[in-house]
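Source file: run24.tsv; contents: TSV, C-alpha atoms.
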chain	number	residue	atom	x	y	z
A	1	MET	CA	80.96	135.08	103.25
A	2	VAL	CA	80.16	132.51	100.61
A	3	GLY	CA	76.49	131.78	100.18
A	4	ASN	CA	74.54	129.27	98.17
A	5	ASN	CA	73.79	131.00	94.90
A	6	LEU	CA	71.94	128.37	92.92
A	7	ASP	CA	71.48	130.69	89.95
A	8	SER	CA	75.18	130.61	89.15
A	9	LYS	CA	75.48	126.83	89.34
A	10	ASN	CA	74.11	124.10	87.18
A	11	VAL	CA	72.03	122.03	89.54
A	12	VAL	CA	70.60	118.80	88.25
A	13	ILE	CA	68.11	117.01	90.44
A	14	GLN	CA	67.11	113.61	89.21
A	15	GLN	CA	63.94	112.31	90.76
A	16	GLU	CA	63.53	108.61	91.13
A	17	SER	CA	60.36	107.10	89.84
A	18	VAL	CA	57.83	105.73	92.29
A	19	SER	CA	58.56	102.18	91.15
A	20	GLU	CA	62.26	102.62	91.93
A	21	LYS	CA	61.38	103.74	95.45
A	22	ARG	CA	59.09	100.75	95.88
A	23	TRP	CA	61.85	98.47	94.61
A	24	THR	CA	64.24	99.92	97.19
A	25	ILE	CA	61.72	99.45	99.99
A	26	MET	CA	61.05	95.87	98.91
A	27	ALA	CA	64.77	95.07	98.74
A	28	ALA	CA	65.23	96.49	102.23
A	29	LEU	CA	62.30	94.45	103.53
A	30	LEU	CA	63.70	91.31	101.95
A	31	GLY	CA	67.07	91.85	103.61
A	32	THR	CA	65.52	92.68	106.97
A	33	ASN	CA	63.17	89.72	106.88
A	34	THR	CA	65.95	87.33	105.90
A	35	ALA	CA	68.06	88.58	108.81
A	36	PHE	CA	65.17	88.36	111.28
A	37	ALA	CA	64.27	84.86	110.06
A	38	LEU	CA	67.85	83.69	110.38
A	39	PHE	CA	68.60	85.08	113.83
A	40	HIS	CA	65.20	84.44	115.38
A	41	GLY	CA	65.13	81.01	113.76
A	42	ILE	CA	68.41	80.16	115.51
A	43	GLU	CA	67.01	81.52	118.79
A	44	GLN	CA	63.79	79.54	118.24
A	45	GLN	CA	65.77	76.29	118.17
A	46	SER	CA	67.33	76.90	121.57
A	47	ASN	CA	64.47	78.80	123.24
A	48	TYR	CA	61.06	77.84	121.81
A	49	SER	CA	58.30	80.44	121.83
A	50	ALA	CA	54.91	80.07	120.15
A	51	LEU	CA	54.74	83.84	119.48
A	52	ARG	CA	58.18	83.84	117.86
A	53	LEU	CA	57.05	80.92	115.73
A	54	LEU	CA	54.04	82.97	114.61
A	55	GLY	CA	56.32	85.89	113.69
A	56	LEU	CA	58.65	83.56	111.78
A	57	ILE	CA	55.70	82.07	109.90
A	58	ILE	CA	54.48	85.53	108.85
A	59	VAL	CA	57.96	86.52	107.69
A	60	ALA	CA	58.48	83.18	105.91
A	61	ILE	CA	55.23	83.66	104.00
A	62	ALA	CA	56.24	87.17	102.92
A	63	ILE	CA	59.81	86.46	101.73
A	64	PRO	CA	58.86	84.64	98.49
A	65	PHE	CA	56.42	87.43	97.59
A	66	GLN	CA	59.21	89.97	98.07
A	67	ALA	CA	61.48	87.95	95.81
A	68	VAL	CA	58.75	87.64	93.16
A	69	TYR	CA	58.17	91.40	93.35
A	70	LEU	CA	61.86	92.01	92.62
A	71	MET	CA	61.80	89.54	89.72
A	72	ILE	CA	58.73	91.23	88.23
A	73	TYR	CA	60.40	94.62	88.60
A	74	VAL	CA	63.46	93.44	86.66
A	75	TYR	CA	61.20	91.81	84.04
A	76	LEU	CA	59.27	95.06	83.57
A	77	LEU	CA	62.51	97.02	83.21
A	78	GLU	CA	63.54	94.80	80.32
A	79	PHE	CA	60.28	93.94	78.61
A	80	SER	CA	57.65	96.59	79.46
A	81	ASP	CA	57.85	98.02	75.95
A	82	ARG	CA	56.82	94.64	74.50
A	83	LEU	CA	53.77	94.10	76.71
A	84	HIS	CA	50.23	94.77	75.57
A	85	GLY	CA	47.89	96.79	77.79
A	86	LYS	CA	46.06	93.76	79.14
A	87	GLN	CA	49.32	91.96	79.96
A	88	TYR	CA	50.71	95.04	81.68
A	89	ARG	CA	47.56	95.48	83.81
A	90	LEU	CA	47.68	91.83	84.85
A	91	ILE	CA	51.32	92.15	85.90
A	92	GLN	CA	50.48	95.32	87.83
A	93	LYS	CA	47.77	93.42	89.75
A	94	LEU	CA	50.32	90.73	90.58
A	95	VAL	CA	52.73	93.44	91.77
A	96	MET	CA	50.02	94.86	94.09
A	97	ILE	CA	49.33	91.43	95.58
A	98	CYS	CA	53.04	90.86	96.15
A	99	GLN	CA	53.33	94.26	97.85
A	100	LEU	CA	50.37	93.65	100.16
A	101	VAL	CA	51.64	90.25	101.28
A	102	SER	CA	55.17	91.61	101.62
A	103	TYR	CA	54.14	94.47	103.86
A	104	THR	CA	52.44	92.05	106.27
A	105	SER	CA	55.95	90.91	107.18
A	106	ILE	CA	56.21	94.05	109.29
A	107	MET	CA	53.65	92.46	111.61
A	108	GLY	CA	55.87	89.39	111.86
A	109	ILE	CA	58.80	91.59	112.79
A	110	ALA	CA	56.64	93.33	115.40
A	111	VAL	CA	55.72	89.95	116.91
A	112	MET	CA	59.37	88.91	117.08
A	113	LEU	CA	60.31	92.23	118.70
A	114	TYR	CA	57.51	91.66	121.21
A	115	VAL	CA	58.98	88.24	122.00
A	116	THR	CA	62.38	89.85	122.56
A	117	HIS	CA	60.73	92.05	125.19
A	118	TRP	CA	57.18	93.32	125.38
A	119	VAL	CA	58.38	96.93	125.79
A	120	ILE	CA	60.38	96.72	122.55
A	121	GLY	CA	57.42	95.27	120.66
A	122	LEU	CA	55.00	97.79	122.11
A	123	SER	CA	57.39	100.66	121.34
A	124	PHE	CA	57.73	99.46	117.75
A	125	MET	CA	53.96	99.23	117.29
A	126	LEU	CA	53.24	102.60	118.92
A	127	SER	CA	55.95	104.40	116.96
A	128	GLY	CA	54.66	102.78	113.76
A	129	LEU	CA	51.13	103.99	114.48
A	130	LEU	CA	52.45	107.46	115.29
A	131	ALA	CA	54.40	107.53	112.01
A	132	LEU	CA	51.30	106.50	110.04
A	133	LEU	CA	49.26	109.16	111.83
A	134	MET	CA	51.86	111.82	111.02
A	135	VAL	CA	51.87	110.84	107.34
A	136	ARG	CA	48.07	110.88	107.22
A	137	LEU	CA	47.87	114.31	108.86
A	138	THR	CA	50.49	115.68	106.48
A	139	ILE	CA	48.65	114.35	103.45
A	140	ASN	CA	45.40	115.91	104.73
A	141	GLN	CA	47.13	119.27	105.20
A	142	LEU	CA	48.61	119.11	101.70
A	143	SER	CA	45.18	118.31	100.25
A	144	GLU	CA	43.62	121.22	102.12
A	145	ALA	CA	46.39	123.57	100.94
A	146	GLU	CA	45.82	122.56	97.31
A	147	GLU	CA	42.07	123.18	97.61
A	148	ALA	CA	42.55	126.67	99.05

Could you spell out this file's structure in structure tokens?
Amino acid sequence: MVGNNLDSKNVVIQQESVSEKRWTIMAALLGTNTAFALFHGIEQQSNYSALRLLGLIIVAIAIPFQAVYLMIYVYLLEFSDRLHGKQYRLIQKLVMICQLVSYTSIMGIAVMLYVTHWVIGLSFMLSGLLALLMVRLTINQLSEAEEA
């Protein structure tokens, strides 16, 4: 029987930085929001709904902030070594604002899912709240374990 003997192998685990994970999330949000805006925008033309319009507005507001976030990320990759402390802190504040506005697009998606059918929208919102609760409980348990 062949087992996993990690001692005899060279295992290299490369951890991504937090900013790379955020970049990936933002790129995924941008793609998702663009798709939702396109398909629900087409549906909006043939079957008007005020709630769908609200969801589209929220997503439309967020898309430019997601694009700006990605541009700032690329800028920082190339020029972060040339920035002074004050400049870097200012760009980091801009990044935080872009993230906050971008994440509100999830509410727009929830509204559009609700318009599709109220059960789908409600399921999305409840599962999202459950996921946030699970993360919060896990973080609390990790904090308690570190204190002990």

Worksheet item: Which residues come within 12 Å of His40 in chain A, counting only C-alpha atoms, excluding same-chain residues fewer than 6 positions away, as a PyMOL selection string?
Response: chain A and resi 32-34+46-49+51-57+59-60+108-109+111-113+115-116

Discussion item. Given only C-alpha atoms as the basis, pick out the residue of A:Tyr103, A:Ile42, A:Leu90, A:Glu78 nearest to Gln66 in chain A.
Written reply: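 For Gln66 in chain A, the nearest of the given residues is A:Tyr103.
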
Discussion item. My list of candidates is A:Arg22, A:Lys86, A:Arg136, A:Lys93. Which is closest to Tyr73 in chain A when distances are computed with all atoms listed in the file?
Written reply: A:Arg22

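Note that the spacing between CA of Leu94 in chain A and CA of Ile61 in chain A amounts to 15.9 Å.
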
Worksheet entry | Polymer residues at most 12 Å from Val74 in chain A, only C-alpha atoms, same-chain spacing of 4 or more positions, as a ChimeraX atom specification | /A:19-20,23,67-70,78-80,95

Discussion item. What's the separation between CA of Ala28 in chain A and CA of Ile120 in chain A, in Å to one decimal place?
Written reply: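 Straight-line distance from CA of Ala28 in chain A to CA of Ile120 in chain A works out to 20.9 Å.
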
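Those residues that approach Val101 in chain A to within 10 Å, counting only C-alpha atoms, are Ile58, Val59, Ile61, Ala62, Ile63, Pro64, Phe65, Gln66, Met96, Ile97, Cys98, Gln99, Tyr103, Thr104, Ser105 and Ile106 of chain A; same-chain residues fewer than 2 positions away are not listed.
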
Let's have the selection written as a PDB file, in the frame of the given file, with C-alpha atoms.
ATOM      1  CA  ILE A  58      54.480  85.530 108.850  1.00  0.00           C
ATOM      2  CA  VAL A  59      57.960  86.520 107.690  1.00  0.00           C
ATOM      3  CA  ILE A  61      55.230  83.660 104.000  1.00  0.00           C
ATOM      4  CA  ALA A  62      56.240  87.170 102.920  1.00  0.00           C
ATOM      5  CA  ILE A  63      59.810  86.460 101.730  1.00  0.00           C
ATOM      6  CA  PRO A  64      58.860  84.640  98.490  1.00  0.00           C
ATOM      7  CA  PHE A  65      56.420  87.430  97.590  1.00  0.00           C
ATOM      8  CA  GLN A  66      59.210  89.970  98.070  1.00  0.00           C
ATOM      9  CA  MET A  96      50.020  94.860  94.090  1.00  0.00           C
ATOM     10  CA  ILE A  97      49.330  91.430  95.580  1.00  0.00           C
ATOM     11  CA  CYS A  98      53.040  90.860  96.150  1.00  0.00           C
ATOM     12  CA  GLN A  99      53.330  94.260  97.850  1.00  0.00           C
ATOM     13  CA  TYR A 103      54.140  94.470 103.860  1.00  0.00           C
ATOM     14  CA  THR A 104      52.440  92.050 106.270  1.00  0.00           C
ATOM     15  CA  SER A 105      55.950  90.910 107.180  1.00  0.00           C
ATOM     16  CA  ILE A 106      56.210  94.050 109.290  1.00  0.00           C
TER      17      ILE A 106
END

Item to complete: To one decimal in Å, tell me the separation between CA of Gln141 in chain A and CA of Met26 in chain A.
Response: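 Atom-to-atom, CA of Gln141 in chain A and CA of Met26 in chain A are spaced 27.9 Å apart.
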
Starting from the incomplete input, reconstruct N, CA and C atoms of range 44-78 of chain A and report them as a JSON list (two decimals), keeping the file's coordinate frame.
[["chain", "number", "residue", "atom", "x", "y", "z"],
["A", 44, "GLN", "N", 64.96, 80.40, 118.08],
["A", 44, "GLN", "CA", 63.79, 79.54, 118.24],
["A", 44, "GLN", "C", 64.21, 78.11, 118.53],
["A", 45, "GLN", "N", 65.31, 77.66, 117.95],
["A", 45, "GLN", "CA", 65.77, 76.29, 118.17],
["A", 45, "GLN", "C", 66.21, 76.08, 119.62],
["A", 46, "SER", "N", 66.83, 77.08, 120.21],
["A", 46, "SER", "CA", 67.33, 76.90, 121.57],
["A", 46, "SER", "C", 66.35, 77.38, 122.64],
["A", 47, "ASN", "N", 65.41, 78.23, 122.27],
["A", 47, "ASN", "CA", 64.47, 78.80, 123.24],
["A", 47, "ASN", "C", 63.11, 78.94, 122.57],
["A", 48, "TYR", "N", 62.32, 77.87, 122.54],
["A", 48, "TYR", "CA", 61.06, 77.84, 121.81],
["A", 48, "TYR", "C", 60.06, 78.85, 122.37],
["A", 49, "SER", "N", 59.38, 79.53, 121.47],
["A", 49, "SER", "CA", 58.30, 80.44, 121.83],
["A", 49, "SER", "C", 57.25, 80.37, 120.72],
["A", 50, "ALA", "N", 56.00, 80.16, 121.12],
["A", 50, "ALA", "CA", 54.91, 80.07, 120.15],
["A", 50, "ALA", "C", 54.72, 81.40, 119.42],
["A", 51, "LEU", "N", 54.89, 82.53, 120.13],
["A", 51, "LEU", "CA", 54.74, 83.84, 119.48],
["A", 51, "LEU", "C", 55.85, 84.07, 118.46],
["A", 52, "ARG", "N", 57.08, 83.69, 118.80],
["A", 52, "ARG", "CA", 58.18, 83.84, 117.86],
["A", 52, "ARG", "C", 57.92, 82.99, 116.62],
["A", 53, "LEU", "N", 57.39, 81.80, 116.85],
["A", 53, "LEU", "CA", 57.05, 80.92, 115.73],
["A", 53, "LEU", "C", 56.02, 81.59, 114.82],
["A", 54, "LEU", "N", 55.04, 82.24, 115.41],
["A", 54, "LEU", "CA", 54.04, 82.97, 114.61],
["A", 54, "LEU", "C", 54.71, 84.07, 113.79],
["A", 55, "GLY", "N", 55.60, 84.84, 114.41],
["A", 55, "GLY", "CA", 56.32, 85.89, 113.69],
["A", 55, "GLY", "C", 57.16, 85.32, 112.57],
["A", 56, "LEU", "N", 57.83, 84.21, 112.82],
["A", 56, "LEU", "CA", 58.65, 83.56, 111.78],
["A", 56, "LEU", "C", 57.79, 83.06, 110.63],
["A", 57, "ILE", "N", 56.61, 82.54, 110.96],
["A", 57, "ILE", "CA", 55.70, 82.07, 109.90],
["A", 57, "ILE", "C", 55.26, 83.23, 109.01],
["A", 58, "ILE", "N", 54.90, 84.35, 109.63],
["A", 58, "ILE", "CA", 54.48, 85.53, 108.85],
["A", 58, "ILE", "C", 55.60, 86.00, 107.94],
["A", 59, "VAL", "N", 56.81, 86.08, 108.49],
["A", 59, "VAL", "CA", 57.96, 86.52, 107.69],
["A", 59, "VAL", "C", 58.27, 85.51, 106.58],
["A", 60, "ALA", "N", 58.19, 84.22, 106.91],
["A", 60, "ALA", "CA", 58.48, 83.18, 105.91],
["A", 60, "ALA", "C", 57.48, 83.21, 104.76],
["A", 61, "ILE", "N", 56.24, 83.54, 105.06],
["A", 61, "ILE", "CA", 55.23, 83.66, 104.00],
["A", 61, "ILE", "C", 55.54, 84.85, 103.10],
["A", 62, "ALA", "N", 56.02, 85.94, 103.68],
["A", 62, "ALA", "CA", 56.24, 87.17, 102.92],
["A", 62, "ALA", "C", 57.49, 87.14, 102.04],
["A", 63, "ILE", "N", 58.53, 86.43, 102.46],
["A", 63, "ILE", "CA", 59.81, 86.46, 101.73],
["A", 63, "ILE", "C", 59.67, 86.06, 100.26],
["A", 64, "PRO", "N", 58.99, 84.97, 99.92],
["A", 64, "PRO", "CA", 58.86, 84.64, 98.49],
["A", 64, "PRO", "C", 58.13, 85.71, 97.69],
["A", 65, "PHE", "N", 57.14, 86.36, 98.29],
["A", 65, "PHE", "CA", 56.42, 87.43, 97.59],
["A", 65, "PHE", "C", 57.33, 88.63, 97.34],
["A", 66, "GLN", "N", 58.24, 88.88, 98.27],
["A", 66, "GLN", "CA", 59.21, 89.97, 98.07],
["A", 66, "GLN", "C", 60.16, 89.62, 96.93],
["A", 67, "ALA", "N", 60.60, 88.38, 96.88],
["A", 67, "ALA", "CA", 61.48, 87.95, 95.81],
["A", 67, "ALA", "C", 60.77, 88.01, 94.45],
["A", 68, "VAL", "N", 59.52, 87.58, 94.41],
["A", 68, "VAL", "CA", 58.75, 87.64, 93.16],
["A", 68, "VAL", "C", 58.56, 89.09, 92.72],
["A", 69, "TYR", "N", 58.30, 89.98, 93.68],
["A", 69, "TYR", "CA", 58.17, 91.40, 93.35],
["A", 69, "TYR", "C", 59.44, 91.90, 92.66],
["A", 70, "LEU", "N", 60.59, 91.56, 93.21],
["A", 70, "LEU", "CA", 61.86, 92.01, 92.62],
["A", 70, "LEU", "C", 62.07, 91.41, 91.23],
["A", 71, "MET", "N", 61.68, 90.16, 91.05],
["A", 71, "MET", "CA", 61.80, 89.54, 89.72],
["A", 71, "MET", "C", 60.88, 90.22, 88.71],
["A", 72, "ILE", "N", 59.67, 90.54, 89.13],
["A", 72, "ILE", "CA", 58.73, 91.23, 88.23],
["A", 72, "ILE", "C", 59.27, 92.61, 87.87],
["A", 73, "TYR", "N", 59.84, 93.30, 88.84],
["A", 73, "TYR", "CA", 60.40, 94.62, 88.60],
["A", 73, "TYR", "C", 61.48, 94.55, 87.52],
["A", 74, "VAL", "N", 62.39, 93.59, 87.65],
["A", 74, "VAL", "CA", 63.46, 93.44, 86.66],
["A", 74, "VAL", "C", 62.86, 93.07, 85.30],
["A", 75, "TYR", "N", 61.87, 92.20, 85.29],
["A", 75, "TYR", "CA", 61.20, 91.81, 84.04],
["A", 75, "TYR", "C", 60.58, 93.04, 83.36],
["A", 76, "LEU", "N", 59.90, 93.87, 84.14],
["A", 76, "LEU", "CA", 59.27, 95.06, 83.57],
["A", 76, "LEU", "C", 60.30, 96.05, 83.05],
["A", 77, "LEU", "N", 61.45, 96.14, 83.71],
["A", 77, "LEU", "CA", 62.51, 97.02, 83.21],
["A", 77, "LEU", "C", 62.96, 96.60, 81.81],
["A", 78, "GLU", "N", 63.04, 95.30, 81.60],
["A", 78, "GLU", "CA", 63.54, 94.80, 80.32],
["A", 78, "GLU", "C", 62.48, 94.68, 79.24]]
